[in-house]
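Enquirer: Contents of coords16.tsv (TSV, C-alpha atoms):
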chain	number	residue	atom	x	y	z
A	1117	MET	CA	-86.02	-87.93	26.10
A	1118	ASN	CA	-85.66	-91.67	25.64
A	1119	ASP	CA	-82.73	-94.00	24.96
A	1120	LYS	CA	-83.28	-94.01	21.17
A	1121	ARG	CA	-83.33	-90.24	20.85
A	1122	LEU	CA	-80.38	-89.90	23.23
A	1123	GLU	CA	-78.37	-92.36	21.14
A	1124	SER	CA	-79.08	-90.57	17.87
A	1125	ILE	CA	-77.98	-87.23	19.38
A	1126	ILE	CA	-74.81	-88.85	20.74
A	1127	GLY	CA	-74.12	-90.46	17.35
A	1128	GLN	CA	-74.48	-87.12	15.56
A	1129	LEU	CA	-72.21	-85.38	18.05
A	1130	LEU	CA	-69.56	-88.06	17.67
A	1131	ARG	CA	-69.56	-87.91	13.92
A	1132	THR	CA	-69.23	-84.11	13.92
A	1133	GLY	CA	-66.44	-84.15	16.53
A	1134	VAL	CA	-64.48	-86.84	14.74
A	1135	LEU	CA	-64.79	-85.13	11.35
A	1136	VAL	CA	-63.66	-81.75	12.72
A	1137	ALA	CA	-60.69	-83.47	14.42
A	1138	ALA	CA	-59.80	-85.34	11.22
A	1139	ALA	CA	-60.03	-82.18	9.09
A	1140	THR	CA	-57.69	-80.36	11.49
A	1141	VAL	CA	-55.15	-83.21	11.47
A	1142	LEU	CA	-55.42	-83.43	7.68
A	1143	ALA	CA	-54.76	-79.69	7.29
A	1144	GLY	CA	-51.67	-79.97	9.49
A	1145	GLY	CA	-50.56	-83.13	7.70
A	1146	VAL	CA	-50.86	-81.62	4.22
A	1147	SER	CA	-48.95	-78.51	5.29
A	1148	TYR	CA	-46.26	-80.73	6.89
A	1149	LEU	CA	-45.86	-82.87	3.77
A	1150	VAL	CA	-45.83	-79.91	1.38
A	1151	GLN	CA	-42.86	-78.50	3.29
A	1152	LEU	CA	-40.95	-81.64	4.25
A	1153	HIS	CA	-42.08	-84.49	1.98
A	1154	SER	CA	-38.58	-85.56	0.90
A	1155	GLU	CA	-36.95	-85.01	4.28
A	1156	ARG	CA	-35.39	-88.20	5.73
A	1157	VAL	CA	-37.21	-89.33	8.87
A	1158	ASN	CA	-35.98	-91.57	11.67
A	1159	TYR	CA	-37.97	-92.24	14.84
A	1160	SER	CA	-35.69	-94.87	16.38
A	1161	THR	CA	-34.69	-92.71	19.32
A	1162	PHE	CA	-37.20	-90.96	21.54
A	1163	ALA	CA	-37.11	-87.21	22.16
A	1164	ALA	CA	-40.01	-85.70	24.09
A	1165	GLY	CA	-40.18	-82.52	21.99
A	1166	GLY	CA	-40.95	-78.96	23.07
A	1167	GLU	CA	-43.91	-77.42	24.87
A	1168	SER	CA	-45.52	-76.54	21.54
A	1169	ILE	CA	-46.48	-80.21	21.04
A	1170	ARG	CA	-46.82	-81.36	24.68
A	1171	THR	CA	-48.90	-78.80	26.58
A	1172	VAL	CA	-52.37	-77.44	25.88
A	1173	PRO	CA	-51.31	-73.74	25.85
A	1174	GLY	CA	-48.29	-74.59	23.70
A	1175	ILE	CA	-50.40	-76.54	21.20
A	1176	LEU	CA	-53.10	-73.84	21.03
A	1177	ASN	CA	-50.45	-71.19	20.47
A	1178	SER	CA	-48.65	-73.00	17.66
A	1179	ALA	CA	-51.95	-74.03	16.04
A	1180	ALA	CA	-53.03	-70.38	16.09
A	1181	HIS	CA	-49.89	-69.61	14.08
A	1182	LEU	CA	-50.97	-72.37	11.63
A	1183	ASP	CA	-47.84	-74.37	12.42
A	1184	SER	CA	-48.27	-77.85	10.93
A	1185	ALA	CA	-47.27	-79.79	14.08
A	1186	GLY	CA	-49.51	-77.52	16.17
A	1187	LEU	CA	-52.50	-78.15	13.89
A	1188	ILE	CA	-51.96	-81.93	14.05
A	1189	GLN	CA	-51.72	-81.87	17.85
A	1190	LEU	CA	-54.85	-79.68	18.06
A	1191	GLY	CA	-56.75	-82.20	15.94
A	1192	LEU	CA	-55.51	-85.05	18.13
A	1193	MET	CA	-56.65	-83.12	21.23
A	1194	LEU	CA	-60.12	-82.75	19.69
A	1195	LEU	CA	-60.11	-86.51	19.05
A	1196	ILE	CA	-59.14	-87.21	22.68
A	1197	VAL	CA	-62.04	-85.04	23.84
A	1198	THR	CA	-64.70	-87.00	21.87
A	1199	PRO	CA	-65.01	-89.89	24.36
A	1200	VAL	CA	-65.21	-87.35	27.21
A	1201	ALA	CA	-67.99	-85.52	25.39
A	1202	ARG	CA	-69.73	-88.84	24.83
A	1203	VAL	CA	-69.78	-89.63	28.53
A	1204	ALA	CA	-70.93	-86.08	29.35
A	1205	MET	CA	-73.77	-86.37	26.81
A	1206	ALA	CA	-74.86	-89.69	28.27
A	1207	LEU	CA	-74.84	-88.11	31.74
A	1208	VAL	CA	-77.13	-85.29	30.60
A	1209	GLY	CA	-79.38	-87.77	28.81
A	1210	PHE	CA	-79.77	-90.05	31.83
A	1211	ALA	CA	-80.45	-87.02	34.03
A	1212	LEU	CA	-83.21	-85.89	31.64
A	1213	GLU	CA	-84.65	-89.41	31.69
A	1214	ARG	CA	-84.63	-89.13	35.51
A	1215	ASP	CA	-82.67	-92.35	35.65
A	1216	ARG	CA	-80.93	-91.77	38.97
A	1217	LEU	CA	-78.76	-94.91	38.98
A	1218	TYR	CA	-77.22	-94.24	35.58
A	1219	THR	CA	-76.85	-90.52	36.22
A	1220	VAL	CA	-74.65	-91.43	39.19
A	1221	VAL	CA	-72.78	-94.12	37.21
A	1222	SER	CA	-72.05	-91.71	34.30
A	1223	LEU	CA	-71.05	-88.95	36.70
A	1224	THR	CA	-68.58	-91.32	38.40
A	1225	VAL	CA	-67.02	-92.28	35.07
A	1226	LEU	CA	-66.85	-88.62	33.98
A	1227	VAL	CA	-65.20	-87.52	37.25
A	1228	ILE	CA	-62.56	-90.28	37.09
A	1229	LEU	CA	-61.92	-89.51	33.42
A	1230	LEU	CA	-61.55	-85.76	33.93
A	1231	ALA	CA	-59.42	-86.26	37.05
A	1232	SER	CA	-56.90	-88.45	35.22
A	1233	LEU	CA	-56.89	-86.17	32.15
A	1234	VAL	CA	-56.41	-82.95	34.09
A	1235	ARG	CA	-53.87	-84.32	36.57
A	1236	ALA	CA	-51.49	-85.01	33.68
A	1237	ILE	CA	-51.88	-81.69	31.84
B	192	MET	CA	-37.13	-93.32	4.44
B	193	THR	CA	-38.61	-89.95	3.44
B	194	ALA	CA	-41.45	-88.27	5.31
B	195	LEU	CA	-43.83	-88.92	2.41
B	196	GLU	CA	-42.98	-92.65	2.23
B	197	PHE	CA	-43.29	-93.03	6.01
B	198	THR	CA	-46.68	-91.28	6.00
B	199	ALA	CA	-47.97	-93.46	3.15
B	200	VAL	CA	-46.80	-96.78	4.67
B	201	VAL	CA	-48.04	-95.94	8.18
B	202	GLY	CA	-51.32	-94.61	6.79
B	203	ALA	CA	-51.99	-97.84	4.88
B	204	LEU	CA	-51.13	-100.11	7.82
B	205	SER	CA	-53.25	-97.94	10.11
B	206	MET	CA	-56.23	-98.29	7.81
B	207	LEU	CA	-56.00	-102.07	8.23
B	208	ALA	CA	-55.60	-101.58	12.00
B	209	GLY	CA	-58.73	-99.44	12.19
B	210	PHE	CA	-60.71	-101.88	10.06
B	211	LEU	CA	-59.80	-104.90	12.22
B	212	GLY	CA	-60.09	-102.87	15.43
B	213	ALA	CA	-63.64	-101.77	14.64
B	214	LEU	CA	-64.74	-105.28	13.63
B	215	THR	CA	-63.34	-106.94	16.76
B	216	GLY	CA	-63.90	-104.29	19.45
B	217	LEU	CA	-60.18	-104.41	20.28
B	218	GLY	CA	-59.04	-101.04	18.96
B	219	GLY	CA	-56.17	-100.63	16.53
B	220	GLY	CA	-53.23	-101.09	18.90
B	221	VAL	CA	-52.80	-104.80	18.15
B	222	VAL	CA	-51.65	-103.92	14.63
B	223	VAL	CA	-50.21	-100.42	15.13
B	224	VAL	CA	-47.58	-101.20	17.80
B	225	PRO	CA	-45.83	-104.13	16.07
B	226	ALA	CA	-46.13	-102.43	12.66
B	227	LEU	CA	-44.35	-99.31	13.94
B	228	THR	CA	-41.74	-100.96	16.18
B	229	LEU	CA	-40.89	-104.14	14.25
B	230	ALA	CA	-41.45	-103.13	10.64
B	231	LEU	CA	-40.45	-99.45	10.77
B	232	GLY	CA	-38.01	-99.29	13.69
B	233	VAL	CA	-39.98	-96.61	15.57
B	234	ASP	CA	-39.16	-96.16	19.27
B	235	ILE	CA	-41.65	-97.95	21.55
B	236	LYS	CA	-42.66	-94.68	23.28
B	237	TYR	CA	-43.79	-93.11	20.00
B	238	ALA	CA	-45.52	-96.41	19.15
B	239	ILE	CA	-47.40	-96.44	22.46
B	240	GLY	CA	-48.50	-92.83	21.90
B	241	ALA	CA	-49.65	-93.68	18.37
B	242	SER	CA	-51.42	-96.79	19.67
B	243	LEU	CA	-53.38	-94.68	22.15
B	244	VAL	CA	-54.41	-92.34	19.33
B	245	SER	CA	-55.44	-95.38	17.25
B	246	VAL	CA	-57.64	-96.75	20.04
B	247	ILE	CA	-59.54	-93.48	20.43
B	248	ALA	CA	-59.79	-93.07	16.65
B	249	THR	CA	-61.22	-96.61	16.28
B	250	SER	CA	-63.63	-96.08	19.14
B	251	SER	CA	-64.99	-92.70	18.06
B	252	GLY	CA	-64.78	-93.45	14.33
B	253	ALA	CA	-66.84	-96.62	14.57
B	254	ALA	CA	-69.13	-95.38	17.34
B	255	ALA	CA	-71.29	-93.12	15.19
B	256	ALA	CA	-72.48	-96.11	13.16
B	257	TYR	CA	-72.83	-98.47	16.14
B	258	VAL	CA	-74.79	-95.99	18.22
B	259	ARG	CA	-77.06	-95.07	15.32
B	260	GLU	CA	-77.79	-98.69	14.42
B	261	GLY	CA	-78.45	-99.52	18.07
B	262	PHE	CA	-75.73	-102.13	18.66
B	263	SER	CA	-73.70	-100.76	21.58
B	264	ASN	CA	-75.37	-100.79	24.99
B	265	ILE	CA	-74.44	-97.57	26.80
B	266	ARG	CA	-75.80	-98.74	30.19
B	267	ILE	CA	-73.66	-101.88	30.19
B	268	GLY	CA	-70.63	-99.97	28.90
B	269	MET	CA	-70.93	-97.17	31.42
B	270	PHE	CA	-71.53	-99.50	34.38
B	271	LEU	CA	-68.61	-101.80	33.56
B	272	GLU	CA	-66.34	-98.86	32.78
B	273	ILE	CA	-66.17	-98.09	36.51
B	274	ALA	CA	-64.62	-101.51	37.22
B	275	THR	CA	-62.15	-101.12	34.34
B	276	THR	CA	-61.03	-97.69	35.51
B	277	LEU	CA	-60.54	-98.88	39.09
B	278	GLY	CA	-58.52	-101.82	37.74
B	279	ALA	CA	-56.40	-99.48	35.63
B	280	ILE	CA	-55.55	-97.45	38.74
B	281	LEU	CA	-54.39	-100.64	40.49
B	282	GLY	CA	-52.40	-101.64	37.37
B	283	ALA	CA	-50.62	-98.28	37.25
B	284	PHE	CA	-49.80	-98.68	40.97
B	285	LEU	CA	-48.45	-102.22	40.48
B	286	ALA	CA	-46.47	-101.34	37.33
B	287	GLY	CA	-42.78	-101.51	38.13
B	288	ARG	CA	-43.47	-103.41	41.39
B	289	VAL	CA	-44.30	-106.84	39.97
B	290	SER	CA	-42.53	-108.91	37.33
B	291	THR	CA	-44.53	-108.87	34.14
B	292	HIS	CA	-42.60	-111.51	32.11
B	293	VAL	CA	-44.46	-114.46	33.58
B	294	LEU	CA	-47.73	-112.54	33.56
B	295	ALA	CA	-47.33	-111.80	29.84
B	296	ILE	CA	-46.71	-115.49	29.07
B	297	VAL	CA	-49.67	-116.66	31.18
B	298	PHE	CA	-51.92	-114.07	29.59
B	299	GLY	CA	-50.69	-115.15	26.15
B	300	LEU	CA	-51.64	-118.76	26.89
B	301	VAL	CA	-55.09	-117.68	28.10
B	302	LEU	CA	-55.53	-115.85	24.80
B	303	VAL	CA	-54.52	-118.95	22.82
B	304	GLN	CA	-57.34	-120.82	24.55
B	305	ALA	CA	-59.78	-117.96	23.87
B	306	ALA	CA	-58.72	-117.90	20.21
B	307	TYR	CA	-59.30	-121.66	19.96
B	308	GLN	CA	-62.82	-121.27	21.40
B	309	SER	CA	-63.60	-118.37	19.10
B	310	LEU	CA	-62.37	-120.23	16.00
B	311	PHE	CA	-63.64	-123.76	16.58
B	312	LYS	CA	-66.38	-123.84	19.22
B	313	GLY	CA	-70.02	-123.01	18.79
B	314	SER	CA	-71.39	-119.93	20.49
B	315	HIS	CA	-74.33	-119.16	22.70
B	316	GLU	CA	-75.84	-117.22	19.82
B	317	GLU	CA	-77.11	-120.51	18.40
B	318	ASP	CA	-78.91	-121.19	21.69
B	319	PRO	CA	-82.26	-119.64	22.51
B	320	ARG	CA	-81.68	-116.20	23.94
B	321	VAL	CA	-80.78	-116.04	27.61
B	322	GLU	CA	-83.09	-114.62	30.24
B	323	SER	CA	-81.57	-111.79	32.31
B	324	ASP	CA	-80.83	-112.70	35.91
B	325	ALA	CA	-82.16	-110.58	38.77
B	326	LEU	CA	-79.21	-108.20	39.08
B	327	ALA	CA	-79.01	-107.55	35.33
B	328	LYS	CA	-82.77	-106.83	35.35
B	329	ARG	CA	-82.38	-104.34	38.19
B	330	LEU	CA	-79.56	-102.63	36.30
B	331	ARG	CA	-81.79	-102.48	33.20
B	332	PHE	CA	-79.15	-104.19	31.06
B	333	ASP	CA	-81.49	-106.01	28.69
B	334	GLY	CA	-81.84	-104.43	25.32
B	335	THR	CA	-82.48	-105.05	21.65
B	336	PHE	CA	-80.18	-105.05	18.66
B	337	PRO	CA	-80.89	-105.37	14.95
B	338	VAL	CA	-80.74	-108.83	13.35
B	339	ASN	CA	-81.68	-108.86	9.65
B	340	GLY	CA	-83.44	-105.54	10.09
B	341	LYS	CA	-85.57	-106.71	13.04
B	342	ALA	CA	-85.05	-105.78	16.70
B	343	GLN	CA	-83.91	-108.89	18.59
B	344	GLU	CA	-84.21	-108.86	22.38
B	345	TYR	CA	-81.39	-110.12	24.56
B	346	GLY	CA	-80.74	-110.70	28.23
B	347	VAL	CA	-77.61	-110.43	30.35
B	348	ARG	CA	-76.25	-112.71	33.07
B	349	ASN	CA	-73.48	-112.86	35.65
B	350	VAL	CA	-72.91	-109.16	36.32
B	351	PRO	CA	-70.53	-109.81	39.29
B	352	GLY	CA	-68.32	-112.15	37.21
B	353	GLY	CA	-68.30	-109.71	34.30
B	354	SER	CA	-67.43	-106.78	36.57
B	355	ALA	CA	-64.56	-108.77	38.13
B	356	MET	CA	-63.19	-109.53	34.65
B	357	MET	CA	-63.45	-105.84	33.73
B	358	PHE	CA	-61.41	-105.02	36.83
B	359	VAL	CA	-58.79	-107.57	35.71
B	360	ALA	CA	-58.91	-106.09	32.19
B	361	GLY	CA	-58.08	-102.66	33.56
B	362	THR	CA	-55.27	-103.99	35.77
B	363	LEU	CA	-53.65	-106.02	32.98
B	364	SER	CA	-53.83	-103.15	30.51
B	365	GLY	CA	-52.08	-100.93	33.04
B	366	LEU	CA	-49.44	-103.60	33.73
B	367	LEU	CA	-48.80	-105.00	30.26
B	368	GLY	CA	-49.48	-101.91	28.16
B	369	ILE	CA	-52.07	-103.74	26.05
B	370	GLY	CA	-55.49	-102.48	25.18
B	371	SER	CA	-58.10	-103.89	27.54
B	372	GLY	CA	-60.56	-104.60	24.71
B	373	VAL	CA	-59.74	-108.28	24.37
B	374	ILE	CA	-60.72	-109.17	27.95
B	375	LYS	CA	-63.75	-106.88	27.74
B	376	VAL	CA	-65.11	-108.69	24.69
B	377	ILE	CA	-64.43	-112.14	26.20
B	378	ALA	CA	-66.07	-111.16	29.51
B	379	MET	CA	-69.23	-109.84	27.88
B	380	ASP	CA	-69.46	-112.63	25.31
B	381	ARG	CA	-68.53	-115.69	27.40
B	382	LEU	CA	-69.42	-114.76	30.98
B	383	MET	CA	-72.33	-112.38	30.57
B	384	LYS	CA	-73.81	-114.12	27.50
B	385	ILE	CA	-74.26	-110.85	25.64
B	386	PRO	CA	-74.64	-111.24	21.83
B	387	PHE	CA	-71.27	-111.01	20.07
B	388	LYS	CA	-72.02	-107.85	18.07
B	389	VAL	CA	-73.31	-106.09	21.18
B	390	SER	CA	-70.18	-107.24	23.07
B	391	THR	CA	-67.69	-105.98	20.49
B	392	THR	CA	-69.47	-102.67	19.88
B	393	THR	CA	-69.91	-102.01	23.60
B	394	SER	CA	-66.23	-102.81	24.12
B	395	ASN	CA	-65.56	-100.36	21.30
B	396	PHE	CA	-67.31	-97.65	23.33
B	397	MET	CA	-65.45	-98.54	26.54
B	398	ILE	CA	-61.90	-98.67	25.12
B	399	GLY	CA	-62.19	-95.07	23.91
B	400	VAL	CA	-63.10	-93.89	27.39
B	401	THR	CA	-60.29	-95.93	29.00
B	402	ALA	CA	-57.75	-94.63	26.49
B	403	ALA	CA	-58.85	-91.01	26.87
B	404	ALA	CA	-58.16	-91.28	30.61
B	405	SER	CA	-54.44	-91.86	29.99
B	406	ALA	CA	-54.15	-89.57	26.95
B	407	GLY	CA	-53.23	-86.50	28.99
B	408	LEU	CA	-50.29	-88.31	30.54
B	409	TYR	CA	-48.97	-89.53	27.18
B	410	LEU	CA	-49.38	-86.12	25.57
B	411	SER	CA	-47.51	-84.30	28.33
B	412	ARG	CA	-44.68	-86.85	28.24
B	413	GLY	CA	-44.24	-86.29	24.51
B	414	TYR	CA	-45.24	-89.84	23.47
B	415	ILE	CA	-47.68	-88.42	20.93
B	416	ASN	CA	-45.42	-87.27	18.09
B	417	PRO	CA	-47.31	-85.26	15.44
B	418	SER	CA	-45.61	-86.72	12.36
B	419	VAL	CA	-46.03	-90.32	13.60
B	420	ALA	CA	-49.56	-89.89	14.96
B	421	MET	CA	-50.91	-87.96	11.93
B	422	PRO	CA	-50.98	-90.89	9.44
B	423	VAL	CA	-52.06	-93.24	12.25
B	424	MET	CA	-55.07	-91.10	13.15
B	425	LEU	CA	-56.23	-90.51	9.57
B	426	GLY	CA	-55.63	-94.13	8.50
B	427	VAL	CA	-57.27	-95.71	11.54
B	428	LEU	CA	-60.25	-93.39	11.34
B	429	SER	CA	-61.03	-94.24	7.71
B	430	GLY	CA	-60.43	-97.95	8.38
B	431	ALA	CA	-62.71	-97.88	11.42
B	432	MET	CA	-65.52	-96.11	9.56
B	433	LEU	CA	-65.32	-98.76	6.84
B	434	GLY	CA	-65.15	-101.58	9.43
B	435	SER	CA	-68.21	-100.30	11.27
B	436	LYS	CA	-70.22	-100.39	8.03
B	437	VAL	CA	-69.09	-103.97	7.42
B	438	LEU	CA	-69.89	-105.17	10.96
B	439	VAL	CA	-73.51	-104.07	10.74
B	440	HIS	CA	-74.21	-106.63	8.00
B	441	ALA	CA	-71.51	-109.24	8.71
B	442	ARG	CA	-72.32	-112.77	9.87
B	443	VAL	CA	-71.46	-113.44	13.51
B	444	ARG	CA	-69.50	-116.57	12.55
B	445	THR	CA	-67.25	-114.49	10.26
B	446	LEU	CA	-66.71	-111.89	12.98
B	447	ARG	CA	-65.76	-114.61	15.48
B	448	ILE	CA	-63.17	-115.99	13.07
B	449	VAL	CA	-61.63	-112.53	12.52
B	450	PHE	CA	-61.63	-112.02	16.30
B	451	GLY	CA	-59.98	-115.42	16.86
B	452	VAL	CA	-57.21	-114.76	14.32
B	453	VAL	CA	-56.47	-111.29	15.74
B	454	ILE	CA	-56.26	-112.48	19.36
B	455	LEU	CA	-54.11	-115.42	18.30
B	456	ALA	CA	-51.66	-112.89	16.82
B	457	LEU	CA	-51.86	-110.90	20.06
B	458	ALA	CA	-51.22	-114.09	22.07
B	459	ILE	CA	-48.06	-114.86	20.10
B	460	GLU	CA	-46.92	-111.24	20.52
B	461	MET	CA	-47.44	-111.46	24.32
B	462	ILE	CA	-45.64	-114.80	24.67
B	463	VAL	CA	-42.66	-113.70	22.54
B	464	ASN	CA	-42.40	-110.42	24.44
B	465	GLY	CA	-42.63	-112.27	27.76
B	466	ILE	CA	-39.88	-114.74	26.84
B	467	SER	CA	-37.58	-112.11	25.34
B	468	GLY	CA	-38.13	-109.90	28.39
B	469	LYS	CA	-39.53	-106.95	26.43
B	470	VAL	CA	-42.61	-106.61	28.65
Could you rewrite the structure in this file as structure tokens?

Expert:
Amino acid sequence: MNDKRLESIIGQLLRTGVLVAAATVLAGGVSYLVQLHSERVNYSTFAAGGESIRTVPGILNSAAHLDSAGLIQLGLMLLIVTPVARVAMALVGFALERDRLYTVVSLTVLVILLASLVRAI
Amino acid sequence: MTALEFTAVVGALSMLAGFLGALTGLGGGVVVVPALTLALGVDIKYAIGASLVSVIATSSGAAAAYVREGFSNIRIGMFLEIATTLGAILGAFLAGRVSTHVLAIVFGLVLVQAAYQSLFKGSHEEDPRVESDALAKRLRFDGTFPVNGKAQEYGVRNVPGGSAMMFVAGTLSGLLGIGSGVIKVIAMDRLMKIPFKVSTTTSNFMIGVTAAASAGLYLSRGYINPSVAMPVMLGVLSGAMLGSKVLVHARVRTLRIVFGVVILALAIEMIVNGISGKV
């Protein structure tokens, strides 16, 4: 394992993750527009919305029922996970390279990242 | 406005946001937030949620190309990311405890100066390449990046100064709600003497990680609205993929001009918001 090979694996992973996320959002978006394309929309006042778009179990549940909002949120969750996966991949790569300094650095970033993600959800 | 019209308009603006965001290393928020709030009357909370989505979409959308071509430096990005994250924690702690009006105006003026430098001053790229200093060598920061198809070596300087700026970047982004990309690029380019394309693409890696850290919070608070975020995500992603292809072959001078114009717009936005008390 060297830096070049590590980077090409990370690049491939990113592209796949992003495309899967985009396809999911697109599926939800098309289904949303087919149903509600001529509905009037107004986003000038904020409303947090229900659990089905705000919590991980809620999103998974509504996406499983092929609900358009649920599919969009699932795709956005996949997108949010890509940088996390990128850091995790770099961590594994540095560990395989036996680069102790950068294994510790990547692990620190990953721990902080996961801690702030999980604390909120 | 109907749902279809809203989706089309937001999608088109987001494509531009992703394109500029990928070229400059700033993410798409600079365009997405004012486009949604000022032009379309969307509530700021939805706009912030959409902006977060746009930053991650720019970062991950452009990253595949930058990583493959060997522009972004993962060691530098990962190391400096620690300082940014610590700064962001301080920023979140200070938010609501310090007045941000004056801070926004001061930061805006700093950006005006940075825009001036980027637009009218020469860059270190014209100089012979810098030699890494001792600390940068120990951290194995030096690398190569492609110039006209050939691998060009580069060195890195002033790691303590750069780390301090990254800390400030994190704090300000927590306090002012702006993406931290602009300070990241300036720190790497001006202080650490890293080539411009390596600076912007490494910033592009870092902003995605920083944004992902706060994504859980925004999602659980309901800031990420599916029908607002959907056209933003798809538009930004396609714009960013296009932008990343353009950056690979673009001249550094051109990229600096685009960067200068975008941060000048950001500077005006910050100063106006500071004076009108919106920050």

Enquirer: Can you tell me which residues surround region 216-227 of chain B at a distance of at most 6 Å, considering only C-alpha atoms, apart from same-chain residues fewer than 4 positions away, and format the answer as a ChimeraX atom specification?

Expert: /B:208-209,212,231,233,238,242,245-246,249,372-373,391-392,394-395

Enquirer: In Å, with one decimal, what is the gap from CA of Ser263 (chain B) to CA of Arg348 (chain B)?

Expert: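 Answer for the CA of Ser263 (chain B) to CA of Arg348 (chain B) separation: 16.8 Å.
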
Enquirer: Please return, as a VMD selection string, all residues of chain B lying within 8 Å of chain A when all atoms listed in the file are considered.

Expert: chain B and resid 192 to 195 197 232 to 234 236 to 237 244 247 to 248 251 to 252 254 to 256 258 to 259 261 266 269 to 270 272 to 273 276 399 to 401 403 to 408 410 to 414 416 to 418 421 to 422 424 to 425

Enquirer: Calculate how many Å separate CA of Ala279 (chain B) from CA of Leu367 (chain B), rounding to one decimal.

Expert: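 Between these atoms lies a distance of 10.8 Å.
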
Enquirer: One decimal, Å: what's the distance from CA of Glu322 (chain B) over to CA of Gly346 (chain B), could you say?

Expert: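 So the answer is 5.0 Å.
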
Enquirer: Need to verify the contact set: Ser290 (chain B), 12 Å, only C-alpha atoms, exclusion of same-chain residues closer than 2 positions in sequence. Can you return it as a ChimeraX atom specification?

Expert: /B:285-288,292-296,366-367,465,468-470

Enquirer: Given the choices B:Ala199, B:Leu211, B:Val419, B:Leu204, which gets closest to Val437 (chain B) if the distance is worked out from all atoms listed in the file?

Expert: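 The answer is B:Leu211, which sits nearest to Val437 (chain B).
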